[in-house]
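What follows is a set of notes on a single structure, which appears directly below.
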Amino acid sequence: MAYDLEEQEQIETLKSWWKQYGNLVVMTVLAVAIAFAGWQGWKYYQQTQAVGAATLYGQLDQAARSNDAKRVRDIAAQVVDRYGSTTYGGLAALAAAKAAFTTGDFEAAEKQLRWAADKAKDEDQRAIARLRLAGVLLDMKKHDEALKVLDQKTSEAFAGLYADLKGDILSAQGKPAEAIGAYRTAMEKLDPTVAQRQIVEIKLDALGDPK
């Protein structure tokens, strides 16, 4: 009998507790379930995005190997449009810019490179895009715009290349003293083993660098 009374008390206590906290428990469990389902859904979405982007980029790579500039640009547009937030988006924009540049369409190359410089997921891709963009702007004789692009902060890995190109732009503007300064910076930043450093040294000699 005592056992029955004790059990009844426990049941009543449980009922009272559930009446007070039951809704909170249900809402908490539901929130956890929704969050888990959302995480699983996001994970699946990311996986499908990666697979789709990789497949399209594989087609783009084949087109590039075949020197089919039009197909490269067409596929790149699809990659950027559908998968621009993935790493492949930046790679596609860089490939499209290269294809446009080789066909002499500098404006299209500029457009692709500006997109990559601003929106590519990977920082190295953005740095490469800025470097190539400045080069295209130099070819278009937009010297001030090119220098503005190169003035943006970059990692040490690209600092030498940025300084080298800055020297080219300043030289094209008829500013040999400033160009020499930029080339000297490039010499300091570039790895002594890379061939580009020797090219910079030749540029310095051509400008009559007194050293």
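Every chain in the structure tokens has a letter given in the order shown (A, B, ...), and although residue numbers restart at 1 in each chain, ligands are simply numbered from 1 in the order shown.
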Write out as a PyMOL selection string each polymer residue whose atoms come within 7 Å of stretch 142-156 of chain A, counting only C-alpha atoms; drop sequence neighbours fewer than 4 positions from it. chain A and resi 127+130-131+134+137-138+162+166+169
Neighbour list for stretch 84-88 of chain A as a PyMOL selection string, cut-off 8 Å, only C-alpha atoms, skip fewer than 5 positions in-chain: chain A and resi 49-50+53-54+57+79+119-122
Just want the 7 Å neighbourhood of stretch 193-201 of chain A, counted on only C-alpha atoms, with same-chain residues fewer than 4 positions away dropped. Output as an MDAnalysis selection string. chainID A and resid 164 183 187 205
Dump N, CA and C atoms for the selected residues as a PDB file, in the first residue's frame?
ATOM      1  N   ASP A 164      56.330  44.995 -59.159  1.00  0.00           N
ATOM      2  CA  ASP A 164      56.885  44.903 -60.515  1.00  0.00           C
ATOM      3  C   ASP A 164      55.935  45.525 -61.535  1.00  0.00           C
ATOM      4  N   TYR A 183      60.382  49.104 -58.815  1.00  0.00           N
ATOM      5  CA  TYR A 183      61.173  47.928 -59.185  1.00  0.00           C
ATOM      6  C   TYR A 183      62.115  47.508 -58.053  1.00  0.00           C
ATOM      7  N   MET A 187      62.348  43.918 -56.254  1.00  0.00           N
ATOM      8  CA  MET A 187      63.576  43.149 -56.049  1.00  0.00           C
ATOM      9  C   MET A 187      63.672  42.673 -54.597  1.00  0.00           C
ATOM     10  N   ASP A 205      68.086  48.249 -65.052  1.00  0.00           N
ATOM     11  CA  ASP A 205      69.245  48.634 -65.860  1.00  0.00           C
ATOM     12  C   ASP A 205      68.814  49.516 -67.028  1.00  0.00           C
TER      13      ASP A 205
END
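What separates atom CA of A:Asp68 from atom CA of A:Met140 is a distance of 24.0 Å.
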Could you tell me how far atom CA of A:Ile180 lies from atom CA of A:Glu123, in Å and to one decimal?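 Going from atom CA of A:Ile180 over to atom CA of A:Glu123, I get 28.6 Å.
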Atom pair atom CA of A:Leu60 / atom CA of A:Leu165: separation (Å):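 Atom-to-atom, atom CA of A:Leu60 and atom CA of A:Leu165 are spaced 28.8 Å apart.
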Can you pull out the residues contacting stretch 206-208 of chain A? Cut-off 8 Å, using only C-alpha atoms, and skip same-chain residues under 2 positions away; I want them as number ranges by chain. A: 176, 180, 202-204, 210
Write out as a ChimeraX atom specification which residues come within 12 Å of A:Thr103 when counting only C-alpha atoms, dropping same-chain ones fewer than 3 positions away. /A:67-70,72-73,96-100,106-109
Serialized selection, N, CA and C atoms, as a CSV table (one decimal), in the first residue's frame:
chain,number,residue,atom,x,y,z
A,67,ASN,N,41.3,25.4,-76.8
A,67,ASN,CA,41.4,26.8,-77.3
A,67,ASN,C,40.1,27.3,-77.8
A,68,ASP,N,39.0,26.8,-77.2
A,68,ASP,CA,37.7,27.2,-77.6
A,68,ASP,C,37.2,28.4,-76.7
A,69,ALA,N,37.7,29.6,-77.1
A,69,ALA,CA,37.4,30.7,-76.2
A,69,ALA,C,35.9,31.0,-75.9
A,70,LYS,N,35.1,30.9,-77.0
A,70,LYS,CA,33.7,31.1,-76.8
A,70,LYS,C,33.1,30.1,-75.9
A,72,VAL,N,34.6,28.5,-73.5
A,72,VAL,CA,35.1,28.8,-72.2
A,72,VAL,C,34.3,29.9,-71.5
A,73,ARG,N,34.0,30.9,-72.3
A,73,ARG,CA,33.3,32.1,-71.7
A,73,ARG,C,31.8,31.7,-71.4
A,96,ALA,N,37.6,32.8,-67.9
A,96,ALA,CA,36.8,33.6,-68.9
A,96,ALA,C,37.6,34.9,-69.2
A,97,ALA,N,38.2,35.5,-68.3
A,97,ALA,CA,39.0,36.7,-68.5
A,97,ALA,C,40.2,36.4,-69.4
A,98,LYS,N,40.8,35.3,-69.2
A,98,LYS,CA,41.9,34.9,-70.0
A,98,LYS,C,41.5,34.7,-71.5
A,99,ALA,N,40.3,34.0,-71.6
A,99,ALA,CA,39.8,33.7,-73.0
A,99,ALA,C,39.4,35.0,-73.7
A,100,ALA,N,38.9,35.9,-72.9
A,100,ALA,CA,38.5,37.2,-73.5
A,100,ALA,C,39.7,38.0,-73.9
A,106,PHE,N,39.3,43.2,-74.4
A,106,PHE,CA,39.8,43.7,-73.1
A,106,PHE,C,38.7,44.1,-72.2
A,107,GLU,N,37.6,44.7,-72.7
A,107,GLU,CA,36.6,45.1,-71.8
A,107,GLU,C,35.9,43.9,-71.1
A,108,ALA,N,35.7,42.8,-71.9
A,108,ALA,CA,35.1,41.6,-71.3
A,108,ALA,C,36.1,41.0,-70.2
A,109,ALA,N,37.4,41.1,-70.5
A,109,ALA,CA,38.4,40.6,-69.6
A,109,ALA,C,38.3,41.4,-68.3
